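Worksheet for the structure shown next.
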Amino acid sequence: MLAEIRDYLKTLNIANYYTIGKIDNAKEQAIGVYGDGNLGRVEAFGRNSSYDITGIRILYHGTKNLKDTEQVARSLYESLRYITDTDMGNIHIQYLDLNYSEPVFLGTDSNGVYEYVISGVVYYRRTESEDN
């Protein structure tokens, strides 16, 4: 799932580098996609749900210019804000529910590069193999 989300983000052409699980702090304008497992279970009546959820965090590791980094983070947020009924690779996203009303400012890393994070819950259609 994280790879599909990363590949989808590449189509937005917002950053220079896209990774899963780790960002190289030496590279500016990078997006990292991370899982966030702090979610409850989705249960339908009879335990036969056609969808499931997964938590994600998207880190934007910008530049040493706060204004530019904030603009890109807000643009990324707006690109994600209304995702519904969208295919990302082999995954069908029913809905992306963002946790906050804007990207969350994290400050700078040890190299003085500004960072923002966007977190949310992905509601996606289960595949037949997940139902077994």
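Ordering of the structure tokens sets the chain letters (A, B, ...); residue numbers start at 1 within each chain; ligands are numbered from 1 in the order shown.
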- Task: From range 15-97 of chain A, collect each residue whose DSSP state is alpha helix (DSSP H) and return the set as a list in words.
- Result: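 Alpha helix (DSSP H) members of range 15-97 of chain A, listed: Leu66, Lys67, Asp68, Thr69, Glu70, Gln71, Val72, Ala73, Arg74, Ser75, Leu76, Tyr77, Glu78, Ser79, Leu80 and Arg81 of chain A.
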- What are the DSSP strand (DSSP E) residues of chain A, as number ranges by chain? A: 17-20, 30-36, 51-61, 84-88, 91-98, 104-108, 114-125
- Query: Near Lys10 in chain A, counting only C-alpha atoms, which residues have an atom at most 12 Å away, once you skip same-chain residues fewer than 6 positions from it, shown as a PyMOL selection string?
  - Reply: chain A and resi 3-4+16-19+30-33+76+79+88
- Task: Quick one: pull the distance between CA of Gly37 in chain A and CA of Ile5 in chain A, Å, one decimal.
- Result: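 Going from CA of Gly37 in chain A over to CA of Ile5 in chain A, I get 15.9 Å.
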With 8 Å as the cut-off and only C-alpha atoms counted, what is the closest atom pair between each nearby residue of range 89-119 of chain A and range 56-64 of chain A? Distances in Å to one decimal, ordered by chain and number, as JSON lines.
{"residue": "A:Gly112", "atom": "CA", "partner": "A:Lys64", "partner_atom": "CA", "distance": 5.8}
{"residue": "A:Val113", "atom": "CA", "partner": "A:Lys64", "partner_atom": "CA", "distance": 4.5}
{"residue": "A:Tyr114", "atom": "CA", "partner": "A:Gly62", "partner_atom": "CA", "distance": 5.5}
{"residue": "A:Glu115", "atom": "CA", "partner": "A:His61", "partner_atom": "CA", "distance": 4.7}
{"residue": "A:Tyr116", "atom": "CA", "partner": "A:Tyr60", "partner_atom": "CA", "distance": 5.3}
{"residue": "A:Val117", "atom": "CA", "partner": "A:Leu59", "partner_atom": "CA", "distance": 4.4}
{"residue": "A:Ile118", "atom": "CA", "partner": "A:Ile58", "partner_atom": "CA", "distance": 5.1}
{"residue": "A:Ser119", "atom": "CA", "partner": "A:Arg57", "partner_atom": "CA", "distance": 4.3}
- Message: Just the number, please: distance in Å from CA of Lys22 in chain A to CA of Asp109 in chain A, one decimal.
- Response: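 We find that CA of Lys22 in chain A and CA of Asp109 in chain A lie 13.5 Å from each other.
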- Task: May I have the residues within 10 Å of Tyr8 in chain A as number ranges by chain, using only C-alpha atoms and disregarding those fewer than 6 positions away in the same chain?
- Result: A: 2, 87-89
Please, could you write that set of residues out with N, CA and C atoms as a PDB file, in the first residue's frame?
ATOM      1  N   LEU A   2       1.910   1.300   0.831  1.00  0.00           N
ATOM      2  CA  LEU A   2       2.750   2.502   0.898  1.00  0.00           C
ATOM      3  C   LEU A   2       3.423   2.795  -0.439  1.00  0.00           C
ATOM      4  N   ASP A  87      -8.050   5.123  -7.901  1.00  0.00           N
ATOM      5  CA  ASP A  87      -7.148   3.978  -7.977  1.00  0.00           C
ATOM      6  C   ASP A  87      -5.708   4.455  -7.847  1.00  0.00           C
ATOM      7  N   MET A  88      -4.967   3.777  -6.986  1.00  0.00           N
ATOM      8  CA  MET A  88      -3.528   4.003  -6.835  1.00  0.00           C
ATOM      9  C   MET A  88      -2.871   2.649  -7.062  1.00  0.00           C
ATOM     10  N   GLY A  89      -2.394   2.444  -8.275  1.00  0.00           N
ATOM     11  CA  GLY A  89      -1.863   1.129  -8.618  1.00  0.00           C
ATOM     12  C   GLY A  89      -2.992   0.114  -8.544  1.00  0.00           C
TER      13      GLY A  89
END
- Message: Would you compute the distance between CA of Thr84 in chain A and CA of Thr127 in chain A? Give it in Å to one decimal.
- Response: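 Separation between CA of Thr84 in chain A and CA of Thr127 in chain A: 17.6 Å.
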- Which of these, A:Ser50, A:Asn99, A:Asn65, A:Gln94, has the shortest distance to Tyr77 in chain A once you count only C-alpha atoms?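 Closest candidate: A:Asn99.
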- Task: Within 10 Å of Ile83 in chain A, counting only C-alpha atoms, which residues show up once you throw out same-chain ones fewer than 5 positions away? Write them as a VMD selection string, please.
- Result: chain A and resid 78 93 to 98 122
